[in-house]
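Quick notes on the structure that follows.
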Amino acid sequence: MRFSSLLAIGSSLLLILPKVWAQNSATGPTYDTAALGKMGTTIKSAIASRNLPGGVLWLEHRGIPYSEVFGNRMLMPSVEPMTGDTIFDAASLTKVIATTPSVMKLVEDGTVQLDARVSLYIPEFVGLHRELITIRQLLTHTSGLKPVIPDDFEWEGHATGIQLACAEPLNSFPGSELHYSDINFILLGEIVRRASGMPLEQFSQQRLFSPLGMVDSGFLPTADKRARIAPTTVMEDGQPLRGIVHDPVSRRMGGTTGHAGLFTTASDLAKFARMMLAKGVLPNGDRLFKAETISDMTRVQTAAHIPARRGLGWDIDSTYAGLRGAFPLGSYGHTGWTGTSVWIDPFSQTFLIFLSNRNHPTEAGAVSPLRKALSDLIPNVIPGFDFKNVAGALAPADESATADAMQRFTASIPDGKVQNGIDVLRARNFEPLKGLRLGLITNHTGLARDVKTTIDLLHESSAVKLTALFSPEHGIRGQKDEAVGDEKDKATGLPIYSLYQEHQRKPSAEHLKELDALVFDIQDIGCRFYTYISTMGMAMEAAAENGIQFVVLDRINPINGLSVEGPLRDGESSFTAFHSIPVRHGMTAGELAMMFKAERDLATLDLKVIQVEGWQRSQFQDQTGVPWVDPSPNMRSLEAAILYPGVGLPEFTNLSVGRGTRIPFELVGAPYIDSNAFAHALNAASIPGVKFLPVHFTPTASKFKDERCGGVKILLTDRNACTPVSIGAALGRTLQTHYPTQWDNKDFDKLLAHPATFDAVVKGTDLSTIQSKWEADKAAFLERRKPFLLY
């Protein structure tokens, strides 16, 4: 039977079932009966619209509860009516019912400090500004961490999940913005475990749920409770998840994580909410929390420059707080993905709980509008309290004050002073190019700090005349993974000549005859076989041949300008190995242009480099304030760029490097690989700064499309220590050793461009010996590059 039919049956059953559970139905002045009826009608309408199979409503005002049950808790494989003691997968309510109060118990104990760095408790949580993140920032979602661990690959285990959480890069500088993140609470759950010596599920049971009498709340519900559990999504085997956490990351980690995994009932949540309204006091007079701890959890803890207002764990006034409805600003609550929610109002001494399994039998259900509709009815349901005029309620956020605070905060960040070449040229009013007819070699990475394009800046300037555009590999907008043809720019009407065609890799004399200078402004990533520097070198040759100036608007090397690794090119010049430099060269485009001129017989070329200002060679891009823009379709993060000089090496062999997933160059695998054995062999190589986790993934495009691949997720644990070219050599050596008949190695040298290293790899030479073969070339190159270093 189809799910839609089952939902229809469930809706019909609701119409004939009496109200199956009600407790202390309120009469008299506390609740308006008609308004309560409207609440019930609203819920029934949502069920009839197939937004949820059923739910439990619990409203309590000044100690007087009202509760009602609606619909069904299960529609498939059979229909079960909802009951008042139904146990729900709380989803993200775990964050505020289990994890936040557990952390705060440890704060009260003196074991954890709110403003301590996370790395004090999880020492491996360092690098990429992670070492700046505090416990408070995790609790307020202002750490800058990404929302979730990527789901492009299969993995298992609590320890693996923590490793992945510790390796995830940041979306923003710690403390600068609010990004709701499950990773924050995965880490908080781990802090509870490490600081207390007990896993979160045990700690929360002993220190929270047992004292509160929350008898049906906890992680990993026992078999005797299964019959009362509201199931969630029906899986591929035709059975719904029942008693097994819905959240896939929590499920992989064993169902006991800080962001999801709690199961609970409306009755148990009511006990928790009463304790919150009583400022930590239990019904028997015992104190579970200090009053100031409750205050800390529920007052605004986010900084003035952040528009959203959140407490510790709890939401107060953010884009996720739509369920607040008519409750006053300063009340607080939270929601869960599965359809759960609680909102607590200390001003009126009211709380509203609505629990549902809206994602049963599928994810098609939706309860956000229903949650808000129920909260909007509160003033009608409780006519004895004026919800519009509440003493002590928060004022609406002041957007102007928030913007001023953000300016002050941004100015206080120690990074952010670097100016790329286009910014420097703009600050000089384009004087170095004044009066020239220009051709611009650029793409979508040609941006000033205010993200205005170099194309627009030059086109709009009266100091120069922009005459033609030239595009590199991936096109003018960086979106193509195939040969690119000539076209016309829609915004300016200028011709765009492609320099990535089979028979056209550099500008022709015809292209250049009306130009005084070629300008190059493209973000490179510091790797020899990333072809933008080849395009630059060939364009320099064309400029020299045609007697015009060549200007480089220099840009930082995003993976720093100190680290040099890998062999020099050994062989003829090619598009992926234009010049004899190491795989990771540690130079900027402007510096390479100066080297090309000196070492490629371009003495007649009039070369000018507009230098970067404020950059230090030791800096990675995220230390400069220069925003990350994917320089090509699959180069999606700074972490990928750091790994690329090694992970990219075997790309022309029958090995997936993660194209067709969300994290290219962080995943490596093939259908013939045993992930556990592969990870073990790579970890045994002891490459500094990285770990290899065994995973499975299925690319949706490119090599092995729609085929399940065994392989590894590469965790970048210390980018300063990481030697990415060694990763490439280790990959080749491990593939040759473990899969000599399955791995086709013949094209491994295509990007490596060093036959001696290729031979050593296929012979299984140990990694340290391979690395030692590069040292003499590296020493010579460091001397060669000295005259050309600008920074």
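Following the order of the structure tokens, first chain is A, next is B, and so on, with residues numbered from 1 inside each chain and ligands from 1 in the order they appear.
Considering only range 329-390 of chain A, backbone DSSP assigns strand (DSSP E) to Tyr332, Gly333, His334, Thr335, Gly336, Thr340, Ser341, Val342, Trp343, Ile344, Asp345, Thr350, Phe351, Leu352, Ile353, Phe354, Leu355 and Ser356 of chain A.
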Output file for the selection above: N, CA, C and O atoms, as a compact mmCIF listing (two decimals), in the first residue's frame:
# COMPACT_ATOMS: atom_id res chain seq x y z
N TYR A 332 12.11 31.35 25.52
CA TYR A 332 13.13 30.56 24.86
C TYR A 332 12.60 29.17 24.52
O TYR A 332 11.61 28.71 25.10
N GLY A 333 13.25 28.51 23.59
CA GLY A 333 12.82 27.18 23.19
C GLY A 333 13.75 26.54 22.20
O GLY A 333 14.87 27.02 21.94
N HIS A 334 13.27 25.46 21.60
CA HIS A 334 14.08 24.73 20.62
C HIS A 334 13.16 23.78 19.85
O HIS A 334 12.05 23.47 20.30
N THR A 335 13.66 23.33 18.71
CA THR A 335 12.92 22.37 17.89
C THR A 335 13.80 21.17 17.59
O THR A 335 15.02 21.20 17.81
N GLY A 336 13.18 20.12 17.06
CA GLY A 336 13.90 18.95 16.60
C GLY A 336 13.44 18.57 15.20
O GLY A 336 12.27 18.75 14.84
N THR A 340 9.63 17.68 16.80
CA THR A 340 9.48 17.96 18.22
C THR A 340 9.76 19.43 18.50
O THR A 340 10.50 20.08 17.77
N SER A 341 9.17 19.94 19.59
CA SER A 341 9.42 21.34 19.95
C SER A 341 9.00 21.60 21.38
O SER A 341 8.09 20.94 21.92
N VAL A 342 9.66 22.57 21.99
CA VAL A 342 9.27 23.07 23.31
C VAL A 342 9.57 24.56 23.35
O VAL A 342 10.60 25.01 22.83
N TRP A 343 8.64 25.33 23.92
CA TRP A 343 8.87 26.76 24.12
C TRP A 343 8.47 27.11 25.54
O TRP A 343 7.39 26.71 26.00
N ILE A 344 9.35 27.84 26.24
CA ILE A 344 9.17 28.12 27.67
C ILE A 344 9.16 29.64 27.87
O ILE A 344 10.08 30.33 27.42
N ASP A 345 8.14 30.13 28.56
CA ASP A 345 7.98 31.57 28.78
C ASP A 345 8.02 31.86 30.28
O ASP A 345 7.03 31.64 31.00
N THR A 350 4.58 29.87 31.51
CA THR A 350 3.89 28.99 30.55
C THR A 350 4.92 28.21 29.74
O THR A 350 5.99 28.73 29.44
N PHE A 351 4.58 26.99 29.40
CA PHE A 351 5.37 26.29 28.39
C PHE A 351 4.44 25.52 27.46
O PHE A 351 3.35 25.10 27.86
N LEU A 352 4.88 25.39 26.22
CA LEU A 352 4.11 24.71 25.19
C LEU A 352 5.01 23.64 24.58
O LEU A 352 6.08 23.94 24.04
N ILE A 353 4.55 22.40 24.67
CA ILE A 353 5.27 21.26 24.10
C ILE A 353 4.41 20.67 23.00
O ILE A 353 3.20 20.45 23.20
N PHE A 354 5.02 20.45 21.85
CA PHE A 354 4.32 19.69 20.81
C PHE A 354 5.30 18.68 20.24
O PHE A 354 6.36 19.04 19.73
N LEU A 355 4.94 17.42 20.36
CA LEU A 355 5.78 16.34 19.88
C LEU A 355 5.07 15.60 18.75
O LEU A 355 3.90 15.24 18.86
N SER A 356 5.80 15.40 17.68
CA SER A 356 5.27 14.64 16.55
C SER A 356 6.41 13.88 15.88
O SER A 356 7.58 14.12 16.17
### Query
Which residues come within 8 Å of range 173-188 of chain A, counting only C-alpha atoms, excluding same-chain residues fewer than 2 positions away, as a PyMOL selection string?
chain A and resi 95+99+103+129-130+132-133+135+137-149+162+165-166+170-171+190-192+257-259+303+305-306+308+409-410
### Message
For a test of reading the model, state the distance in Å between CA of Asn380 in chain A and CA of Leu394 in chain A, rounded to one decimal.
### Response
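So the answer is 21.7 Å.
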Assign secondary structure with DSSP using the backbone only, and return the residues of range 337-430 of chain A in helix (DSSP H, G or I) as a compact mmCIF listing (two decimals) with all heavy atoms, in the first residue's frame.
# COMPACT_ATOMS: atom_id res chain seq x y z
N SER A 368 6.61 23.17 10.76
CA SER A 368 7.00 24.53 11.13
C SER A 368 5.81 25.49 11.15
O SER A 368 5.64 26.24 12.12
CB SER A 368 8.10 25.05 10.20
OG SER A 368 9.30 24.32 10.38
N PRO A 369 4.97 25.51 10.11
CA PRO A 369 3.80 26.40 10.18
C PRO A 369 2.86 26.05 11.33
O PRO A 369 2.28 26.94 11.96
CB PRO A 369 3.12 26.19 8.82
CG PRO A 369 4.19 25.68 7.93
CD PRO A 369 5.07 24.84 8.80
N LEU A 370 2.73 24.76 11.61
CA LEU A 370 1.86 24.33 12.71
C LEU A 370 2.40 24.81 14.05
O LEU A 370 1.63 25.31 14.89
CB LEU A 370 1.74 22.81 12.70
CG LEU A 370 0.98 22.18 13.89
CD1 LEU A 370 -0.45 22.70 13.96
CD2 LEU A 370 1.01 20.65 13.79
N ARG A 371 3.68 24.67 14.27
CA ARG A 371 4.27 25.14 15.53
C ARG A 371 3.96 26.62 15.76
O ARG A 371 3.55 27.03 16.85
CB ARG A 371 5.78 24.94 15.51
CG ARG A 371 6.27 23.52 15.59
CD ARG A 371 7.74 23.49 15.23
NE ARG A 371 8.37 22.18 15.40
CZ ARG A 371 9.45 21.80 14.76
NH1 ARG A 371 10.04 22.61 13.89
NH2 ARG A 371 9.98 20.60 14.98
N LYS A 372 4.17 27.43 14.73
CA LYS A 372 3.93 28.87 14.86
C LYS A 372 2.44 29.15 15.08
O LYS A 372 2.07 30.01 15.90
CB LYS A 372 4.43 29.61 13.64
CG LYS A 372 4.30 31.13 13.76
CD LYS A 372 4.87 31.85 12.57
CE LYS A 372 4.87 33.37 12.80
NZ LYS A 372 3.52 33.90 13.12
N ALA A 373 1.59 28.42 14.37
CA ALA A 373 0.15 28.64 14.51
C ALA A 373 -0.29 28.36 15.95
O ALA A 373 -1.13 29.09 16.51
CB ALA A 373 -0.61 27.76 13.53
N LEU A 374 0.25 27.31 16.56
CA LEU A 374 -0.11 26.99 17.95
C LEU A 374 0.36 28.09 18.89
O LEU A 374 -0.39 28.51 19.79
CB LEU A 374 0.50 25.65 18.34
CG LEU A 374 -0.02 24.41 17.59
CD1 LEU A 374 0.76 23.17 18.02
CD2 LEU A 374 -1.50 24.22 17.82
N SER A 375 1.59 28.57 18.70
CA SER A 375 2.10 29.64 19.57
C SER A 375 1.34 30.93 19.36
O SER A 375 1.14 31.70 20.31
CB SER A 375 3.59 29.84 19.32
OG SER A 375 4.33 28.69 19.67
N ASP A 376 0.91 31.19 18.14
CA ASP A 376 0.15 32.41 17.87
C ASP A 376 -1.20 32.42 18.59
O ASP A 376 -1.77 33.49 18.86
CB ASP A 376 -0.09 32.56 16.36
CG ASP A 376 1.14 33.08 15.62
OD1 ASP A 376 2.02 33.66 16.28
OD2 ASP A 376 1.22 32.88 14.39
N ILE A 378 -1.69 31.36 21.65
CA ILE A 378 -1.50 31.41 23.09
C ILE A 378 -2.24 32.58 23.76
O ILE A 378 -2.88 32.41 24.81
CB ILE A 378 0.00 31.43 23.43
CG1 ILE A 378 0.60 30.04 23.21
CG2 ILE A 378 0.26 31.89 24.86
CD1 ILE A 378 0.05 28.97 24.13
N PRO A 379 -2.19 33.81 23.22
CA PRO A 379 -2.92 34.90 23.89
C PRO A 379 -4.42 34.64 23.98
O PRO A 379 -5.08 35.10 24.93
CB PRO A 379 -2.62 36.11 23.00
CG PRO A 379 -1.34 35.78 22.33
CD PRO A 379 -1.40 34.31 22.07
N ASN A 380 -4.97 33.91 23.02
CA ASN A 380 -6.39 33.58 23.07
C ASN A 380 -6.66 32.46 24.07
O ASN A 380 -7.68 32.46 24.76
CB ASN A 380 -6.88 33.16 21.68
CG ASN A 380 -6.75 34.28 20.67
OD1 ASN A 380 -6.91 35.44 20.99
ND2 ASN A 380 -6.44 33.91 19.43
N VAL A 381 -5.74 31.52 24.15
CA VAL A 381 -5.91 30.39 25.06
C VAL A 381 -5.77 30.84 26.51
O VAL A 381 -6.45 30.33 27.40
CB VAL A 381 -4.88 29.29 24.72
CG1 VAL A 381 -4.92 28.18 25.77
CG2 VAL A 381 -5.15 28.71 23.35
N GLU A 399 18.84 46.95 14.36
CA GLU A 399 19.69 46.59 13.22
C GLU A 399 20.86 47.55 13.06
O GLU A 399 21.97 47.12 12.71
CB GLU A 399 18.84 46.56 11.94
CG GLU A 399 17.80 45.45 11.93
CD GLU A 399 17.04 45.39 10.62
OE1 GLU A 399 17.41 46.14 9.69
OE2 GLU A 399 16.07 44.61 10.53
N SER A 400 20.64 48.82 13.33
CA SER A 400 21.71 49.81 13.18
C SER A 400 22.81 49.56 14.22
O SER A 400 24.00 49.58 13.90
CB SER A 400 21.15 51.22 13.34
OG SER A 400 22.19 52.18 13.30
N ALA A 401 22.42 49.30 15.45
CA ALA A 401 23.40 49.04 16.49
C ALA A 401 24.16 47.74 16.20
O ALA A 401 25.37 47.66 16.45
CB ALA A 401 22.70 48.96 17.85
N THR A 402 23.45 46.74 15.67
CA THR A 402 24.10 45.49 15.32
C THR A 402 25.14 45.70 14.23
O THR A 402 26.25 45.16 14.29
CB THR A 402 23.06 44.46 14.85
OG1 THR A 402 22.12 44.23 15.91
CG2 THR A 402 23.71 43.14 14.48
N ALA A 403 24.80 46.50 13.22
CA ALA A 403 25.74 46.78 12.13
C ALA A 403 26.97 47.53 12.63
O ALA A 403 28.10 47.23 12.23
CB ALA A 403 25.03 47.59 11.04
N ASP A 404 26.76 48.49 13.53
CA ASP A 404 27.91 49.23 14.10
C ASP A 404 28.81 48.29 14.89
O ASP A 404 30.04 48.37 14.81
CB ASP A 404 27.40 50.36 15.00
CG ASP A 404 26.74 51.48 14.21
OD1 ASP A 404 26.94 51.54 12.98
OD2 ASP A 404 26.02 52.28 14.83
N ALA A 405 28.17 47.40 15.66
CA ALA A 405 28.95 46.44 16.45
C ALA A 405 29.74 45.50 15.56
O ALA A 405 30.88 45.13 15.87
CB ALA A 405 28.03 45.66 17.38
N MET A 406 29.15 45.10 14.43
CA MET A 406 29.85 44.23 13.49
C MET A 406 31.08 44.92 12.92
O MET A 406 32.14 44.30 12.75
CB MET A 406 28.91 43.78 12.38
CG MET A 406 29.59 42.93 11.30
SD MET A 406 30.45 41.46 11.96
CE MET A 406 29.09 40.30 12.04
N GLN A 407 30.97 46.20 12.61
CA GLN A 407 32.13 46.94 12.09
C GLN A 407 33.25 46.95 13.11
O GLN A 407 34.42 46.76 12.76
CB GLN A 407 31.72 48.37 11.73
CG GLN A 407 30.91 48.48 10.45
CD GLN A 407 30.66 49.92 10.06
OE1 GLN A 407 30.75 50.84 10.88
NE2 GLN A 407 30.36 50.15 8.79
N ARG A 408 32.89 47.17 14.36
CA ARG A 408 33.91 47.19 15.41
C ARG A 408 34.54 45.82 15.59
O ARG A 408 35.76 45.69 15.77
CB ARG A 408 33.30 47.67 16.74
CG ARG A 408 32.87 49.13 16.72
CD ARG A 408 32.55 49.62 18.12
NE ARG A 408 31.42 48.93 18.71
CZ ARG A 408 30.14 49.29 18.54
NH1 ARG A 408 29.85 50.35 17.80
NH2 ARG A 408 29.17 48.62 19.11
N PHE A 409 33.71 44.78 15.51
CA PHE A 409 34.24 43.43 15.67
C PHE A 409 35.18 43.08 14.52
O PHE A 409 36.26 42.55 14.73
CB PHE A 409 33.10 42.41 15.73
CG PHE A 409 33.57 40.99 15.81
CD1 PHE A 409 33.93 40.44 17.03
CD2 PHE A 409 33.69 40.20 14.68
CE1 PHE A 409 34.40 39.12 17.12
CE2 PHE A 409 34.15 38.90 14.75
CZ PHE A 409 34.50 38.36 15.97
N THR A 410 34.77 43.39 13.30
CA THR A 410 35.59 43.08 12.13
C THR A 410 36.94 43.77 12.22
O THR A 410 37.98 43.19 11.90
CB THR A 410 34.86 43.50 10.84
OG1 THR A 410 33.60 42.82 10.77
CG2 THR A 410 35.68 43.15 9.62
N ALA A 411 36.92 45.01 12.68
CA ALA A 411 38.18 45.76 12.81
C ALA A 411 39.09 45.16 13.86
O ALA A 411 40.31 45.32 13.81
CB ALA A 411 37.87 47.21 13.16
N SER A 412 38.49 44.44 14.83
CA SER A 412 39.29 43.86 15.91
C SER A 412 39.94 42.54 15.54
O SER A 412 40.83 42.06 16.25
CB SER A 412 38.42 43.66 17.16
OG SER A 412 37.51 42.57 16.97
N GLY A 421 46.64 42.32 -5.79
CA GLY A 421 47.10 43.28 -6.79
C GLY A 421 46.01 44.20 -7.30
O GLY A 421 46.23 45.41 -7.48
N ILE A 422 44.80 43.66 -7.55
CA ILE A 422 43.73 44.51 -8.06
C ILE A 422 43.33 45.57 -7.04
O ILE A 422 43.00 46.70 -7.40
CB ILE A 422 42.50 43.65 -8.47
CG1 ILE A 422 41.38 44.54 -9.03
CG2 ILE A 422 42.00 42.81 -7.33
CD1 ILE A 422 41.77 45.39 -10.22
N ASP A 423 43.40 45.25 -5.74
CA ASP A 423 43.07 46.24 -4.71
C ASP A 423 44.12 47.35 -4.69
O ASP A 423 43.78 48.53 -4.53
CB ASP A 423 43.00 45.57 -3.34
CG ASP A 423 41.98 44.45 -3.28
OD1 ASP A 423 40.79 44.72 -3.50
OD2 ASP A 423 42.38 43.29 -3.03
N VAL A 424 45.38 46.95 -4.84
CA VAL A 424 46.46 47.94 -4.87
C VAL A 424 46.33 48.83 -6.10
O VAL A 424 46.45 50.06 -6.03
CB VAL A 424 47.82 47.23 -4.84
CG1 VAL A 424 48.96 48.24 -4.99
CG2 VAL A 424 47.97 46.43 -3.54
N LEU A 425 46.07 48.23 -7.26
CA LEU A 425 45.90 49.00 -8.50
C LEU A 425 44.74 49.97 -8.37
O LEU A 425 44.83 51.14 -8.78
CB LEU A 425 45.66 48.03 -9.66
CG LEU A 425 45.46 48.67 -11.04
CD1 LEU A 425 46.75 49.31 -11.51
CD2 LEU A 425 44.97 47.64 -12.05
N ARG A 426 43.65 49.51 -7.81
CA ARG A 426 42.47 50.36 -7.62
C ARG A 426 42.77 51.53 -6.69
O ARG A 426 42.35 52.67 -6.95
CB ARG A 426 41.35 49.49 -7.05
CG ARG A 426 39.99 50.15 -6.95
CD ARG A 426 39.05 49.15 -6.27
NE ARG A 426 37.68 49.56 -6.28
CZ ARG A 426 36.70 48.88 -5.69
NH1 ARG A 426 36.99 47.74 -5.04
NH2 ARG A 426 35.45 49.31 -5.73
N ALA A 427 43.52 51.24 -5.61
CA ALA A 427 43.87 52.31 -4.67
C ALA A 427 44.75 53.36 -5.33
O ALA A 427 44.75 54.52 -4.92
CB ALA A 427 44.59 51.70 -3.46
### Proximity to Leu164 in chain A - best of A:Ala779, A:Ala730, A:Asp151, A:Met538, only C-alpha atoms
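Smallest distance to Leu164 in chain A is found for A:Asp151.
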### Query
Using only C-alpha atoms, which of the listed residues (A:Gly339, A:Gly161, A:Gly439, A:Pro432) sits closest to Ile610 in chain A?
A:Pro432
### Query
Which residues come within 10 Å of Ala391 in chain A, counting only C-alpha atoms, excluding same-chain residues fewer than 4 positions away, as a list in words?
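Everything that qualifies: Pro328, Phe347 and Phe387 of chain A.
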Given the selection you just returned, output its residues as a file containing N, CA, C and O atoms, formatted as a PDB file, in the first residue's frame.
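Result saved to part21.pdb:
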ATOM      1  N   PRO A 328       6.432  36.335  24.311  1.00  0.00           N
ATOM      2  CA  PRO A 328       7.245  37.566  24.326  1.00  0.00           C
ATOM      3  C   PRO A 328       8.716  37.287  24.042  1.00  0.00           C
ATOM      4  O   PRO A 328       9.227  36.189  24.316  1.00  0.00           O
ATOM      5  N   PHE A 347       7.984  34.719  31.713  1.00  0.00           N
ATOM      6  CA  PHE A 347       7.175  35.888  32.070  1.00  0.00           C
ATOM      7  C   PHE A 347       5.757  35.484  32.472  1.00  0.00           C
ATOM      8  O   PHE A 347       5.220  35.971  33.467  1.00  0.00           O
ATOM      9  N   PHE A 387       0.144  39.222  26.722  1.00  0.00           N
ATOM     10  CA  PHE A 387       1.381  38.801  26.076  1.00  0.00           C
ATOM     11  C   PHE A 387       2.015  39.900  25.217  1.00  0.00           C
ATOM     12  O   PHE A 387       3.153  39.757  24.788  1.00  0.00           O
TER      13      PHE A 387
END
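The smallest atom-to-atom distance between Leu447 in chain A and any of A:Lys488, A:Arg659, A:Arg528, A:Arg555, using only C-alpha atoms, is found for A:Arg555.
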### Query
How many Å lie between CA of Ala539 in chain A and CA of Phe665 in chain A, rounded to one decimal?
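Going from CA of Ala539 in chain A over to CA of Phe665 in chain A, I get 28.7 Å.
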Find the residues of range 117-195 of chain A that sit at most 12 Å from range 699-707 of chain A; for each, write down the nearest two atoms and how far apart they are in Å, to one decimal. Count only C-alpha atoms. Sort by chain, then by number going up, and give it as JSON lines.
{"residue": "A:Asp151", "atom": "CA", "partner": "A:Pro699", "partner_atom": "CA", "distance": 11.9}
{"residue": "A:Asp152", "atom": "CA", "partner": "A:Pro699", "partner_atom": "CA", "distance": 8.2}
{"residue": "A:Phe153", "atom": "CA", "partner": "A:Pro699", "partner_atom": "CA", "distance": 9.2}
{"residue": "A:Glu154", "atom": "CA", "partner": "A:Pro699", "partner_atom": "CA", "distance": 12.0}
### Message
as a PyMOL selection string, please: the residues near Val712 in chain A (cut-off 9 Å, only C-alpha atoms, same-chain neighbours under 2 positions excluded).
### Response
chain A and resi 666-669+675-676+678-679+692-696+710+714
### Interatomic distance, CA of Ala729 in chain A to CA of Trp628 in chain A (Å, one decimal)
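If I compute the distance from CA of Ala729 in chain A to CA of Trp628 in chain A, I get 28.0 Å.
Counting only C-alpha atoms and comparing A:Val519, A:Ile316, A:Ile663, A:Val451, the residue that lies closest to Leu469 in chain A is A:Val519.
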### Query
Nearest to Trp774 in chain A among A:Ile642, A:Leu499, A:Val583, A:Met635, with distances taken over only C-alpha atoms: which residue is it?
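Once distances to Trp774 in chain A are computed over only C-alpha atoms, the minimum belongs to A:Val583.
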Write out as JSON lines the residues of range 258-327 of chain A that have any atom within 12 Å of an atom of range 236-249 of chain A, one row each with the nearest atom pair and its distance in Å to one decimal, counting only C-alpha atoms, sorted by chain and then rising number.
{"residue": "A:Gly258", "atom": "CA", "partner": "A:Val249", "partner_atom": "CA", "distance": 10.9}
{"residue": "A:His259", "atom": "CA", "partner": "A:Asp247", "partner_atom": "CA", "distance": 9.0}
{"residue": "A:Ala260", "atom": "CA", "partner": "A:Asp247", "partner_atom": "CA", "distance": 6.6}
{"residue": "A:Gly261", "atom": "CA", "partner": "A:Val245", "partner_atom": "CA", "distance": 5.4}
{"residue": "A:Leu262", "atom": "CA", "partner": "A:Val245", "partner_atom": "CA", "distance": 7.9}
{"residue": "A:Phe263", "atom": "CA", "partner": "A:Gly243", "partner_atom": "CA", "distance": 8.1}
{"residue": "A:Thr264", "atom": "CA", "partner": "A:Gly243", "partner_atom": "CA", "distance": 10.9}
